[in-house]
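Shown next: final10.txt, given as compact mmCIF, C-alpha atoms and all ligand atoms.
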# COMPACT_ATOMS: atom_id res chain seq x y z
CA MET Z 224 53.32 -189.11 2.95
CA ASN Z 225 55.34 -185.93 2.64
CA ARG Z 226 55.04 -183.59 -0.33
CA MET Z 227 57.85 -185.12 -2.36
CA SER Z 228 56.54 -188.62 -2.06
CA VAL Z 229 53.03 -187.66 -3.16
CA LEU Z 230 54.50 -186.08 -6.25
CA GLU Z 231 56.82 -189.00 -6.81
CA VAL Z 232 53.85 -191.34 -6.80
CA LEU Z 233 52.05 -189.10 -9.27
CA ALA Z 234 55.14 -189.02 -11.48
CA SER Z 235 55.42 -192.77 -11.62
CA THR Z 236 51.68 -193.25 -12.18
CA ALA Z 237 51.88 -190.80 -15.08
CA LYS Z 238 54.80 -192.73 -16.50
CA GLU Z 239 52.86 -195.99 -16.37
CA LEU Z 240 49.78 -194.44 -17.95
CA ASP Z 241 51.90 -192.99 -20.77
CA ALA Z 242 53.51 -196.36 -21.38
CA ARG Z 243 50.08 -197.94 -21.79
CA ASP Z 244 48.71 -195.12 -23.99
CA LYS Z 245 47.77 -196.53 -27.41
CA LEU Z 246 47.52 -193.03 -28.87
CA ALA Z 247 50.98 -191.93 -27.76
CA TYR Z 248 52.27 -192.19 -31.34
CA LEU Z 249 50.04 -189.26 -32.39
CA ARG Z 250 52.18 -186.71 -30.54
CA GLU Z 251 54.79 -187.13 -33.31
CA ARG Z 252 52.39 -185.49 -35.75
CA PHE Z 253 52.80 -182.14 -33.99
CA CYS Z 254 55.48 -179.62 -33.14
CA ILE Z 255 55.47 -179.31 -29.37
CA PRO Z 256 57.80 -176.52 -28.19
CA ALA Z 257 60.70 -178.01 -26.26
CA GLY Z 258 60.76 -177.45 -22.53
CA ARG Z 259 57.11 -176.48 -22.39
CA VAL Z 260 53.96 -178.28 -21.36
CA TYR Z 261 51.14 -177.06 -23.55
CA LEU Z 262 47.74 -177.27 -21.86
CA ASP Z 263 45.95 -174.70 -23.98
CA GLY Z 264 44.93 -176.79 -26.99
CA ASN Z 265 41.32 -175.96 -26.12
CA SER Z 266 42.12 -172.35 -27.03
CA LEU Z 267 44.70 -172.73 -29.81
CA GLY Z 268 45.78 -176.15 -31.02
CA VAL Z 269 49.49 -176.80 -31.64
CA LEU Z 270 51.18 -176.71 -35.03
CA PRO Z 271 50.87 -179.91 -37.08
CA ARG Z 272 54.29 -181.07 -38.33
CA ALA Z 273 53.14 -181.24 -41.96
CA MET Z 274 51.78 -177.68 -41.92
CA THR Z 275 54.72 -175.57 -43.06
CA LYS Z 276 55.57 -177.70 -46.08
CA GLY Z 277 51.92 -178.00 -47.11
CA VAL Z 278 51.17 -174.30 -46.89
CA VAL Z 279 54.43 -173.31 -48.58
CA GLN Z 280 53.58 -175.64 -51.43
CA LEU Z 281 50.19 -174.00 -51.83
CA ILE Z 282 51.85 -170.59 -51.86
CA GLU Z 283 54.64 -171.47 -54.26
CA THR Z 284 52.85 -173.59 -56.81
CA GLU Z 285 49.10 -173.04 -56.60
CA TRP Z 286 49.19 -169.33 -55.86
CA GLY Z 287 52.68 -168.55 -57.19
CA GLU Z 288 52.50 -170.35 -60.50
CA ASP Z 289 48.98 -171.44 -61.33
CA LEU Z 290 47.41 -168.29 -59.95
CA ILE Z 291 43.75 -167.72 -60.77
CA SER Z 292 43.31 -171.00 -62.61
CA SER Z 293 43.77 -172.68 -59.22
CA TRP Z 294 40.17 -171.83 -58.32
CA ASN Z 295 39.27 -174.60 -60.77
CA SER Z 296 42.40 -176.68 -61.23
CA HIS Z 297 43.20 -177.03 -57.52
CA GLY Z 298 39.57 -177.01 -56.43
CA TRP Z 299 39.88 -173.84 -54.35
CA ILE Z 300 36.29 -172.91 -55.14
CA ASP Z 301 34.92 -176.13 -53.67
CA SER Z 302 37.00 -176.06 -50.49
CA PRO Z 303 34.21 -174.96 -48.09
CA GLU Z 304 32.04 -177.86 -49.25
CA ARG Z 305 34.90 -180.35 -49.48
CA LEU Z 306 36.23 -179.49 -46.02
CA GLY Z 307 32.68 -179.64 -44.69
CA GLU Z 308 32.46 -183.22 -45.90
CA ARG Z 309 35.86 -183.92 -44.36
CA LEU Z 310 34.68 -182.58 -41.02
CA ALA Z 311 31.36 -184.44 -41.14
CA PRO Z 312 32.64 -187.77 -39.73
CA LEU Z 313 34.20 -185.90 -36.79
CA LEU Z 314 30.74 -184.46 -36.13
CA GLY Z 315 28.68 -187.58 -36.63
CA ALA Z 316 27.04 -185.93 -39.63
CA GLY Z 317 25.92 -187.61 -42.83
CA PRO Z 318 26.83 -185.96 -46.16
CA GLY Z 319 25.45 -182.63 -47.35
CA GLN Z 320 25.01 -181.02 -43.93
CA VAL Z 321 28.35 -179.45 -42.99
CA LEU Z 322 30.02 -176.40 -44.53
CA CYS Z 323 33.42 -175.03 -43.57
CA THR Z 324 33.17 -171.25 -43.57
CA ASP Z 325 33.49 -167.98 -41.67
CA SER Z 326 33.79 -167.85 -37.88
CA ILE Z 327 31.50 -169.30 -35.21
CA SER Z 328 30.13 -165.81 -34.58
CA VAL Z 329 29.07 -165.28 -38.19
CA ASN Z 330 27.71 -168.81 -38.46
CA VAL Z 331 25.64 -168.44 -35.30
CA PHE Z 332 24.03 -165.38 -36.85
CA LYS Z 333 23.08 -167.26 -40.01
CA LEU Z 334 21.72 -170.25 -38.13
CA LEU Z 335 19.71 -168.36 -35.50
CA ALA Z 336 18.13 -166.32 -38.28
CA THR Z 337 17.26 -169.56 -40.08
CA ALA Z 338 15.71 -171.09 -36.96
CA LEU Z 339 13.56 -168.01 -36.39
CA ASP Z 340 12.51 -167.92 -40.02
CA LEU Z 341 11.46 -171.54 -39.87
CA GLN Z 342 9.17 -170.74 -36.92
CA PRO Z 343 7.43 -167.42 -37.58
CA ASP Z 344 5.14 -167.86 -34.59
CA ARG Z 345 7.98 -168.09 -32.06
CA ARG Z 346 10.26 -165.23 -31.10
CA ILE Z 347 12.56 -166.29 -28.27
CA ILE Z 348 16.22 -167.29 -28.53
CA LEU Z 349 17.00 -169.16 -25.33
CA LEU Z 350 20.53 -169.10 -23.89
CA GLU Z 351 22.31 -170.17 -20.77
CA ALA Z 352 23.36 -167.25 -18.58
CA ASN Z 353 27.01 -168.42 -18.57
CA GLU Z 354 27.25 -168.95 -22.33
CA PHE Z 355 30.36 -167.92 -24.27
CA PRO Z 356 29.97 -164.16 -24.87
CA THR Z 357 30.09 -164.15 -28.66
CA ASP Z 358 27.11 -166.49 -28.87
CA ARG Z 359 25.17 -164.14 -26.61
CA TYR Z 360 26.32 -160.95 -28.34
CA ILE Z 361 25.35 -162.31 -31.75
CA ALA Z 362 21.93 -163.40 -30.50
CA GLN Z 363 21.44 -159.93 -29.01
CA GLY Z 364 22.54 -158.27 -32.24
CA LEU Z 365 20.09 -160.34 -34.26
CA ALA Z 366 17.30 -159.54 -31.81
CA GLN Z 367 18.08 -155.85 -32.09
CA LEU Z 368 18.04 -156.02 -35.86
CA LEU Z 369 14.74 -157.88 -36.01
CA GLY Z 370 13.06 -155.77 -33.33
CA ALA Z 371 11.35 -156.84 -30.12
CA GLN Z 372 8.14 -157.81 -31.93
CA ARG Z 373 9.98 -160.51 -33.78
CA CYS Z 374 12.82 -161.60 -31.53
CA GLU Z 375 14.05 -161.48 -27.98
CA VAL Z 376 16.93 -163.14 -26.15
CA ARG Z 377 16.08 -164.95 -22.92
CA GLU Z 378 18.86 -166.09 -20.59
CA VAL Z 379 18.31 -168.69 -17.92
CA ALA Z 380 20.44 -170.63 -15.43
CA SER Z 381 21.58 -174.07 -16.62
CA GLU Z 382 19.31 -175.82 -14.12
CA GLU Z 383 16.27 -173.99 -15.52
CA LEU Z 384 16.97 -174.85 -19.13
CA ILE Z 385 14.52 -177.72 -19.56
CA ASP Z 386 11.69 -175.90 -17.77
CA SER Z 387 12.28 -172.84 -19.95
CA LEU Z 388 11.40 -174.61 -23.21
CA THR Z 389 8.09 -172.80 -23.53
CA THR Z 390 5.82 -172.35 -26.56
CA ASP Z 391 7.31 -168.96 -27.45
CA VAL Z 392 10.89 -170.31 -27.79
CA ALA Z 393 12.09 -170.75 -31.36
CA VAL Z 394 15.60 -171.98 -30.70
CA VAL Z 395 17.93 -172.79 -27.84
CA LEU Z 396 21.60 -171.97 -28.43
CA LEU Z 397 23.98 -173.96 -26.24
CA SER Z 398 27.62 -174.90 -25.96
CA GLU Z 399 27.99 -178.64 -25.51
CA VAL Z 400 31.02 -178.02 -23.28
CA ASN Z 401 31.07 -174.83 -21.26
CA TYR Z 402 34.20 -172.79 -21.99
CA ARG Z 403 34.78 -171.89 -18.35
CA THR Z 404 33.71 -174.83 -16.23
CA GLY Z 405 34.23 -177.63 -18.74
CA ARG Z 406 30.77 -178.98 -17.90
CA ARG Z 407 29.24 -180.99 -20.74
CA HIS Z 408 25.57 -181.17 -21.68
CA ASN Z 409 23.74 -184.29 -22.76
CA LYS Z 410 22.77 -183.32 -26.30
CA ARG Z 411 20.26 -186.11 -26.80
CA LEU Z 412 18.40 -185.31 -23.59
CA ILE Z 413 18.14 -181.61 -24.42
CA ASN Z 414 17.29 -182.20 -28.07
CA ASP Z 415 14.48 -184.56 -27.07
CA ALA Z 416 13.07 -182.13 -24.51
CA ALA Z 417 13.38 -179.24 -26.97
CA HIS Z 418 11.70 -181.08 -29.82
CA HIS Z 419 8.92 -182.21 -27.51
CA ALA Z 420 8.27 -178.50 -26.87
CA GLY Z 421 8.58 -177.60 -30.56
CA VAL Z 422 11.94 -175.87 -29.98
CA MET Z 423 14.94 -176.19 -32.30
CA THR Z 424 18.49 -176.58 -31.02
CA CYS Z 425 21.71 -174.93 -32.14
CA TRP Z 426 24.79 -176.54 -30.59
CA ASP Z 427 28.18 -174.86 -30.34
CA VAL Z 428 30.79 -177.62 -30.28
CA ALA Z 429 33.86 -175.35 -30.11
CA HIS Z 430 35.15 -177.36 -27.15
CA SER Z 431 34.06 -180.78 -28.37
CA ALA Z 432 35.07 -181.17 -32.02
CA GLY Z 433 38.37 -183.02 -32.25
CA ALA Z 434 38.39 -184.10 -28.61
CA MET Z 435 35.48 -186.54 -28.60
CA PRO Z 436 32.86 -188.00 -30.94
CA VAL Z 437 30.21 -185.38 -31.73
CA ASP Z 438 27.03 -187.16 -32.70
CA PHE Z 439 24.98 -184.49 -34.48
CA ASP Z 440 22.75 -186.80 -36.54
CA ALA Z 441 22.21 -189.49 -33.91
CA THR Z 442 21.19 -187.07 -31.16
CA GLY Z 443 18.81 -185.11 -33.38
CA VAL Z 444 20.67 -181.80 -33.50
CA ASP Z 445 18.98 -179.18 -35.69
CA PHE Z 446 21.89 -176.77 -36.18
CA GLY Z 447 25.53 -176.79 -35.15
CA VAL Z 448 28.66 -174.62 -35.17
CA GLY Z 449 32.25 -175.14 -34.15
CA CYS Z 450 35.72 -173.77 -34.79
CA GLY Z 451 38.81 -175.05 -36.52
CA TYR Z 452 41.53 -173.67 -34.28
CA LYS Z 453 40.94 -175.41 -30.96
CA PHE Z 454 41.12 -179.22 -30.82
CA LEU Z 455 41.20 -179.39 -34.63
CA ASN Z 456 44.56 -177.57 -34.74
CA GLY Z 457 43.78 -175.57 -37.91
CA GLY Z 458 45.80 -172.54 -36.78
CA PRO Z 459 44.93 -169.11 -35.36
CA GLY Z 460 41.67 -167.91 -36.85
CA ALA Z 461 41.11 -171.14 -38.78
CA PRO Z 462 37.77 -171.32 -40.59
CA ALA Z 463 34.79 -172.47 -38.55
CA PHE Z 464 32.05 -174.85 -39.64
CA LEU Z 465 28.30 -175.05 -39.52
CA TYR Z 466 25.81 -177.90 -39.65
CA VAL Z 467 22.23 -177.74 -40.92
CA ALA Z 468 20.19 -180.95 -40.57
CA LYS Z 469 18.82 -182.09 -43.92
CA ARG Z 470 15.24 -181.62 -42.73
CA HIS Z 471 15.80 -177.87 -42.34
CA GLN Z 472 17.47 -177.24 -45.69
CA ASN Z 473 16.01 -175.41 -48.70
CA LYS Z 474 13.08 -173.95 -46.76
CA VAL Z 475 14.27 -170.43 -46.00
CA ASN Z 476 17.13 -168.17 -47.07
CA GLN Z 477 19.80 -167.25 -44.58
CA PRO Z 478 20.22 -163.45 -44.36
CA LEU Z 479 23.91 -163.08 -45.28
CA SER Z 480 23.07 -163.82 -48.89
CA GLY Z 481 26.44 -163.28 -50.49
CA TRP Z 482 27.38 -164.21 -54.01
CA LEU Z 483 29.08 -167.50 -53.14
CA GLY Z 484 25.87 -168.76 -51.54
CA HIS Z 485 24.12 -168.10 -54.85
CA GLN Z 486 23.05 -171.03 -56.98
CA SER Z 487 25.29 -169.87 -59.84
CA PRO Z 488 27.65 -167.09 -58.71
CA PHE Z 489 29.37 -166.81 -62.05
CA ASP Z 490 26.18 -166.02 -63.91
CA PHE Z 491 26.30 -162.69 -62.05
CA GLU Z 492 22.52 -162.48 -61.98
CA ARG Z 493 20.76 -159.42 -60.66
CA SER Z 494 18.71 -161.31 -58.13
CA TYR Z 495 19.64 -163.85 -55.51
CA THR Z 496 18.74 -167.50 -55.84
CA ALA Z 497 20.06 -169.55 -52.94
CA ALA Z 498 22.32 -172.50 -53.69
CA ASN Z 499 21.05 -175.93 -52.81
CA GLY Z 500 21.25 -177.28 -49.27
CA VAL Z 501 24.01 -176.23 -46.92
CA LEU Z 502 25.87 -174.43 -49.73
CA GLN Z 503 23.65 -171.35 -49.38
CA TYR Z 504 25.34 -170.76 -46.01
CA GLN Z 505 28.49 -169.64 -47.75
CA THR Z 506 28.70 -165.87 -48.05
CA GLY Z 507 31.91 -164.57 -49.60
CA THR Z 508 35.27 -165.80 -50.85
CA PRO Z 509 36.94 -168.35 -48.58
CA SER Z 510 40.48 -167.71 -47.30
CA ILE Z 511 42.30 -170.40 -49.23
CA LEU Z 512 45.46 -170.24 -47.10
CA ALA Z 513 43.40 -170.81 -43.97
CA MET Z 514 41.29 -173.50 -45.59
CA ARG Z 515 44.39 -175.39 -46.67
CA ALA Z 516 45.90 -175.12 -43.20
CA LEU Z 517 42.79 -176.70 -41.69
CA ASP Z 518 42.81 -179.37 -44.38
CA ILE Z 519 46.41 -180.29 -43.47
CA ALA Z 520 45.52 -180.28 -39.76
CA LEU Z 521 42.67 -182.71 -40.41
CA ASP Z 522 45.16 -185.19 -41.87
CA CYS Z 523 46.27 -185.73 -38.25
CA PHE Z 524 42.88 -187.34 -37.57
CA ASP Z 525 43.30 -189.93 -40.33
CA GLY Z 526 42.88 -193.39 -38.89
CA VAL Z 527 42.26 -192.09 -35.36
CA SER Z 528 39.29 -193.43 -33.43
CA LEU Z 529 37.29 -190.62 -31.83
CA THR Z 530 36.20 -192.99 -29.11
CA ALA Z 531 39.83 -193.75 -28.29
CA LEU Z 532 40.54 -190.00 -28.23
CA ARG Z 533 37.66 -189.47 -25.85
CA ASP Z 534 38.83 -192.31 -23.62
CA LYS Z 535 42.26 -190.76 -23.37
CA SER Z 536 40.83 -187.31 -22.72
CA VAL Z 537 38.70 -188.73 -19.91
CA ALA Z 538 41.71 -190.51 -18.41
CA LEU Z 539 43.93 -187.41 -18.58
CA CYS Z 540 41.32 -185.25 -16.86
CA ALA Z 541 40.55 -187.97 -14.30
CA PHE Z 542 44.23 -188.29 -13.34
CA PHE Z 543 44.49 -184.53 -12.95
CA ILE Z 544 41.23 -184.06 -11.03
CA GLU Z 545 41.92 -187.00 -8.74
CA ALA Z 546 45.24 -185.47 -7.66
CA LEU Z 547 43.78 -181.98 -7.22
CA THR Z 548 40.87 -183.16 -5.11
CA THR Z 549 42.63 -185.70 -2.89
CA GLN Z 550 46.05 -184.19 -2.12
CA CYS Z 551 46.37 -181.49 0.53
CA GLU Z 552 48.97 -179.65 -1.61
CA PHE Z 553 46.07 -178.40 -3.69
CA GLU Z 554 43.49 -177.70 -0.99
CA SER Z 555 43.38 -173.96 -1.76
CA LEU Z 556 42.14 -174.74 -5.28
CA ARG Z 557 38.51 -175.54 -6.01
CA VAL Z 558 37.87 -177.79 -9.02
CA ILE Z 559 34.66 -176.66 -10.72
CA THR Z 560 34.75 -179.18 -13.56
CA PRO Z 561 32.30 -182.04 -12.92
CA ALA Z 562 33.81 -185.12 -11.30
CA LEU Z 563 31.71 -187.46 -13.45
CA ALA Z 564 33.40 -188.07 -16.81
CA VAL Z 565 30.19 -188.00 -18.91
CA ASP Z 566 29.47 -184.55 -17.54
CA ARG Z 567 32.70 -182.92 -18.62
CA GLY Z 568 34.62 -182.02 -21.75
CA SER Z 569 38.39 -182.07 -22.20
CA GLN Z 570 39.52 -179.41 -19.78
CA VAL Z 571 39.80 -178.97 -16.05
CA ALA Z 572 38.91 -175.62 -14.51
CA VAL Z 573 39.99 -174.58 -11.04
CA CYS Z 574 39.03 -171.52 -9.02
CA HIS Z 575 41.30 -169.45 -6.83
CA PRO Z 576 41.08 -165.76 -5.83
CA LYS Z 577 44.54 -165.24 -7.38
CA ALA Z 578 43.80 -167.30 -10.48
CA TYR Z 579 45.30 -164.76 -12.89
CA ALA Z 580 48.64 -164.65 -11.04
CA ILE Z 581 48.70 -168.44 -10.72
CA ALA Z 582 48.20 -168.80 -14.47
CA GLN Z 583 51.05 -166.35 -15.14
CA ASP Z 584 53.34 -168.16 -12.70
CA LEU Z 585 52.53 -171.50 -14.37
CA ILE Z 586 53.28 -170.00 -17.79
CA GLU Z 587 56.64 -168.71 -16.59
CA ARG Z 588 57.38 -172.21 -15.34
CA GLY Z 589 56.66 -173.52 -18.85
CA ILE Z 590 53.16 -174.81 -18.15
CA VAL Z 591 50.99 -173.05 -20.71
CA VAL Z 592 47.44 -172.60 -19.39
CA ASP Z 593 44.98 -169.75 -19.54
CA PHE Z 594 42.87 -167.59 -17.28
CA ARG Z 595 39.18 -166.82 -17.55
CA ALA Z 596 37.80 -163.94 -15.53
CA PRO Z 597 37.18 -163.58 -12.74
CA ASP Z 598 38.92 -166.47 -10.98
CA ILE Z 599 39.43 -169.52 -13.22
CA VAL Z 600 42.60 -171.25 -14.42
CA ARG Z 601 41.88 -173.63 -17.32
CA PHE Z 602 43.96 -176.73 -18.02
CA GLY Z 603 43.10 -177.98 -21.50
CA PHE Z 604 43.94 -181.61 -22.26
CA ALA Z 605 44.23 -182.36 -25.97
CA PRO Z 606 44.20 -186.14 -26.28
CA MET Z 607 45.97 -185.99 -29.65
CA TYR Z 608 49.22 -184.82 -28.14
CA ASN Z 609 49.07 -184.30 -24.38
CA THR Z 610 50.64 -186.90 -22.12
CA PHE Z 611 49.99 -187.98 -18.56
CA ASN Z 612 53.43 -186.61 -17.82
CA ASP Z 613 52.17 -183.21 -19.00
CA ALA Z 614 49.44 -183.48 -16.36
CA TYR Z 615 52.04 -184.48 -13.75
CA GLU Z 616 54.31 -181.55 -14.69
CA ALA Z 617 51.38 -179.18 -14.20
CA LEU Z 618 50.60 -180.70 -10.81
CA ASN Z 619 54.23 -180.46 -9.77
CA ALA Z 620 54.45 -176.80 -10.76
CA LEU Z 621 51.16 -176.04 -9.03
CA ALA Z 622 52.26 -177.72 -5.79
CA GLU Z 623 55.48 -175.75 -5.88
CA LEU Z 624 53.98 -172.34 -6.53
CA LEU Z 625 51.24 -172.85 -3.95
CA LYS Z 626 53.72 -173.95 -1.33
CA TYR Z 627 56.15 -171.06 -1.84
CA GLU Z 628 53.47 -168.56 -2.94
CA THR Z 629 55.66 -167.42 -5.82
CA TYR Z 630 52.53 -166.34 -7.71
CA LEU Z 631 52.27 -163.35 -5.37
CA ALA Z 632 55.22 -161.68 -7.16
CA ALA Z 633 54.32 -158.31 -8.65
CA ARG Z 634 55.09 -159.32 -12.24
CA PHE Z 635 52.33 -161.94 -12.18
CA GLN Z 636 49.65 -159.39 -11.32
CA ILE Z 637 49.81 -157.36 -14.56
CA ARG Z 638 46.90 -158.14 -16.89
CA ALA Z 639 47.68 -158.62 -20.62
CA LYS Z 640 45.17 -158.00 -23.42
CA VAL Z 641 44.69 -161.69 -24.29
CA THR Z 642 44.38 -163.91 -21.23
C1 LIG V 701 36.17 -170.29 -29.07
C2 LIG V 701 34.70 -170.14 -29.07
C3 LIG V 701 34.06 -169.33 -30.01
C4 LIG V 701 34.85 -168.51 -30.99
O1 LIG V 701 34.05 -167.86 -31.92
P1 LIG V 701 34.71 -167.21 -33.22
O2 LIG V 701 33.63 -166.42 -33.82
O3 LIG V 701 35.11 -168.36 -34.10
O4 LIG V 701 35.87 -166.39 -32.78
C5 LIG V 701 32.67 -169.31 -29.99
N1 LIG V 701 31.96 -170.03 -29.09
C6 LIG V 701 32.57 -170.80 -28.16
C7 LIG V 701 31.76 -171.59 -27.20
C8 LIG V 701 33.94 -170.87 -28.13
O5 LIG V 701 34.54 -171.60 -27.20
Would you put the structure from the file into C-alpha cells?
Amino acid sequence: MNRMSVLEVLASTAKELDARDKLAYLRERFCIPAGRVYLDGNSLGVLPRAMTKGVVQLIETEWGEDLISSWNSHGWIDSPERLGERLAPLLGAGPGQVLCTDSISVNVFKLLATALDLQPDRRIILLEANEFPTDRYIAQGLAQLLGAQRCEVREVASEELIDSLTTDVAVVLLSEVNYRTGRRHNKRLINDAAHHAGVMTCWDVAHSAGAMPVDFDATGVDFGVGCGYKFLNGGPGAPAFLYVAKRHQNKVNQPLSGWLGHQSPFDFERSYTAANGVLQYQTGTPSILAMRALDIALDCFDGVSLTALRDKSVALCAFFIEALTTQCEFESLRVITPALAVDRGSQVAVCHPKAYAIAQDLIERGIVVDFRAPDIVRFGFAPMYNTFNDAYEALNALAELLKYETYLAARFQIRAKVT
C-alpha cells in the first residue's frame, strides 16, 4: 500500500471505532477548541462546559453577596473533606480516607513523614530512579530536614524494586503510571511484596485518577496522592488529594500541623491537637474558587463507569500504538510505552532525537502534545473526550511531518519555558 492508502485505512478504522464508542456522548460535556486535537489531557485536562457558569455563580452570590457567612452557609469550610469523599469512589477508597487539599508535592511531604513516624526503626525512602522529579525532590528535602541518622533516600532501577525492599526501608514512593514512558505498575503485586517485607507504600496516581479505576483499598495501598488538573479536569493548579488507609490514621501527627488540621480550629487553642482521621492532613485555608472548579469538573464523572473509561483508553492507545509500530511511515519513531495494555496508562510516549521539534511541529499543525526531556513526545489520550479520529489526526500529521521533515525548520528548535 502507498502512504495515502495506509492513512485512508486508518481514517476509516477510526471512524468505525468512534461510531461504536459508547462513551462518545461524554465529549459534549467539555469545551474542545475548534480545529485542534487535544492530546495533553494527561498534563492539563480540558475545560468542562459547566465550569464558567458554576464558578461565576460562586463569585457573584456566595462570595459577592453572602461573603464570610458562606464558610458555614455554603459549606466552604467542609469542602476538603466533602470533595475527598467525592473523589473516593474514583480511587476505590471507602469513606474517611481521602482529603482534597494542597498539591501533590505538599501531600507527599506529609505522607512520607507519616510513614517514617509510624516506623521509627526504618529510615529509607525507596524511589524509582526515573520517578517524577517533585516526588524525588520532596523526599530529598524531608531527608535533609530529618538528617541522615533518621532518613535517607534510596533510588533504584524499576527492575530492582522488589529486591530492594529490605528491612531498613520504611516506605516506597511510586507513580502507578510513569509520567514519561506511560508504563504502569501492578499495585497489588508491589503492595504485597512491600508488606511482606514490612514496607509501606505511597502511590502517586497523578496519571491514573480519572482515566481508569484506581483500587486503593482492594490492593492494600497504605498512602496515596494524586492531582486534580490532569484527567480530572479541575483546571490549572486544581487542588490535589491524599489518601491515608484507615489502619494508619490517628497514630502519629503529620508535621505540617496547621490550624485547619486542628481538632477545633475556632477554639484558637495554644497547643495543637490533631483532628480525627484524615482531617489532620489539612493545613491551611483551602482555595474555595479552585475547590469549586474541581467539584464542577467531577460532575462530568457522574454516571460514568470507570471500567468503561479504562476500556476506551486502552482501545485508543492500542489503535495508536498499532499504527506506529506496524507502518513504515513511523519507523524513525520508537514507542517506549509498553505494548501490553495492563502494563500501560493512558498515554503513548515515543522517542526521537528531534522530539522537541516534532512536538512543536505537531502543535503548529493543531495536534496538542507535549515534550519531555531529553527525547520524548507524549500523546495523552483522555477517554472522557478524545476520539479515535483524534488519534488518526495525530498519526496523519506525524506521517506528514516525518515525510517532509518540516520539523527541521528553525522555529521548531527554540525551547520555551514550559514544554
Ligand atoms: C503532575 C504530577 C505531579 C504534580 O505535582 P504538584 O505538586 O501537584 O504540582 C506530581 N507527581 C506526578 C507523578 C505527576 O505526574
CA of Glu616 (chain Z) and CA of Leu270 (chain Z), how far apart in Å? 21.1 Å
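You can rank Z:Trp299, Z:Phe454, Z:Tyr579, Z:Phe253 by their closest distance to ligand LIG 701 (chain V) using only C-alpha atoms and all ligand atoms, and at the top of that list sits Z:Phe454.
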Using all atoms listed in the file, collect all residues at a distance of at most 10 Å from (24.9, -168.9, -39.6) as written in the file, then present them as a PyMOL selection string. chain Z and resi 324-338+446-448+464-467+477-479+504-506
Expected residue set, 9 Å radius at (13.5, -181.2, -20.3), only C-alpha atoms, as a VMD selection string: chain Z and resid 384 to 388 412 to 417 419 to 420
Same residues, C-alpha atoms, saved as a PDB file, in the frame of the given file:
ATOM      1  CA  LEU Z 384      16.970-174.850 -19.130  1.00  0.00           C
ATOM      2  CA  ILE Z 385      14.520-177.720 -19.560  1.00  0.00           C
ATOM      3  CA  ASP Z 386      11.690-175.900 -17.770  1.00  0.00           C
ATOM      4  CA  SER Z 387      12.280-172.840 -19.950  1.00  0.00           C
ATOM      5  CA  LEU Z 388      11.400-174.610 -23.210  1.00  0.00           C
ATOM      6  CA  LEU Z 412      18.400-185.310 -23.590  1.00  0.00           C
ATOM      7  CA  ILE Z 413      18.140-181.610 -24.420  1.00  0.00           C
ATOM      8  CA  ASN Z 414      17.290-182.200 -28.070  1.00  0.00           C
ATOM      9  CA  ASP Z 415      14.480-184.560 -27.070  1.00  0.00           C
ATOM     10  CA  ALA Z 416      13.070-182.130 -24.510  1.00  0.00           C
ATOM     11  CA  ALA Z 417      13.380-179.240 -26.970  1.00  0.00           C
ATOM     12  CA  HIS Z 419       8.920-182.210 -27.510  1.00  0.00           C
ATOM     13  CA  ALA Z 420       8.270-178.500 -26.870  1.00  0.00           C
TER      14      ALA Z 420
END
Around ligand LIG 701 (chain V), at most 9 Å away and counting all atoms listed in the file, which residues are there? Put them as an NGL selection string, please. :Z and (265-267 or 325-331 or 354-358 or 397-403 or 427-430 or 448-453 or 460-463)
Write out as a compact mmCIF listing (two decimals) with C-alpha atoms, keeping the file's coordinate frame which residues come within 8 Å of Val444 (chain Z) when counting all atoms listed in the file, dropping same-chain ones fewer than 6 positions away.
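part.txt, written as the output of this step:
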# COMPACT_ATOMS: atom_id res chain seq x y z
CA LYS Z 410 22.77 -183.32 -26.30
CA ARG Z 411 20.26 -186.11 -26.80
CA ASN Z 414 17.29 -182.20 -28.07
CA THR Z 424 18.49 -176.58 -31.02
CA CYS Z 425 21.71 -174.93 -32.14
CA TRP Z 426 24.79 -176.54 -30.59
CA ALA Z 468 20.19 -180.95 -40.57
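Nearest residue to Leu631 (chain Z), choosing from Z:Ala366, Z:Ala582, Z:Ala541, Z:Met435 and counting all atoms listed in the file: Z:Ala582.
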Separation of CA of Arg567 (chain Z) and CA of Gly405 (chain Z), in Å? 5.5 Å
Computed interatomic separation between CA of Phe611 (chain Z) and CA of Ala237 (chain Z) (Å): 4.9 Å
Residue among Z:Leu230, Z:Ile347, Z:Leu455, Z:Ala520 lying closest to Met274 (chain Z), counting only C-alpha atoms: Z:Ala520
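Comparing Z:Leu350, Z:Leu339, Z:Val437, Z:Ala614 by their smallest distance to Ala316 (chain Z), the closest is Z:Val437 (using all atoms listed in the file).
Ranking Z:Pro256, Z:Gly317, Z:Pro271, Z:Gly526 by their shortest atom-to-atom distance to Ile590 (chain Z), with only C-alpha atoms included, puts Z:Pro256 first.
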Give one line per residue of region 258-304 of chain Z that approaches region 483-488 of chain Z to at most 12 Å, naming the two atoms of the closest pair and their distance in Å to one decimal, counting only C-alpha atoms; sort by chain then ascending residue number and deliver it as a tab-separated table.
residue	atom	partner	partner_atom	distance
Z:Ile300	CA	Z:Leu483	CA	9.2
Z:Asp301	CA	Z:Leu483	CA	10.4
Z:Ser302	CA	Z:Leu483	CA	12.0
Z:Pro303	CA	Z:Leu483	CA	10.4
Z:Glu304	CA	Z:Gly484	CA	11.2
Check the smallest atom-to-atom distance from each of Z:Ala441, Z:Ala580, Z:Val379, Z:Leu310 to Asn353 (chain Z) using only C-alpha atoms, then report the winner. Z:Val379
As a tab-separated table (two decimals) with C-alpha atoms, in the frame of the given file, please: the residues near Val475 (chain Z) (cut-off 9 Å, only C-alpha atoms, same-chain neighbours under 4 positions excluded).
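Dumped to part.tsv:
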chain	number	residue	atom	x	y	z
Z	337	THR	CA	17.26	-169.56	-40.08
Z	340	ASP	CA	12.51	-167.92	-40.02
Z	341	LEU	CA	11.46	-171.54	-39.87
Z	471	HIS	CA	15.80	-177.87	-42.34
Pick out the residues sitting within 9 Å of Arg272 (chain Z), and hand them over as a list in words; count all atoms listed in the file, and ignore anything fewer than 3 positions along from it in its own chain. Glu251, Arg252, Phe253, Cys254, Thr275, Lys276 and Ala520 of chain Z
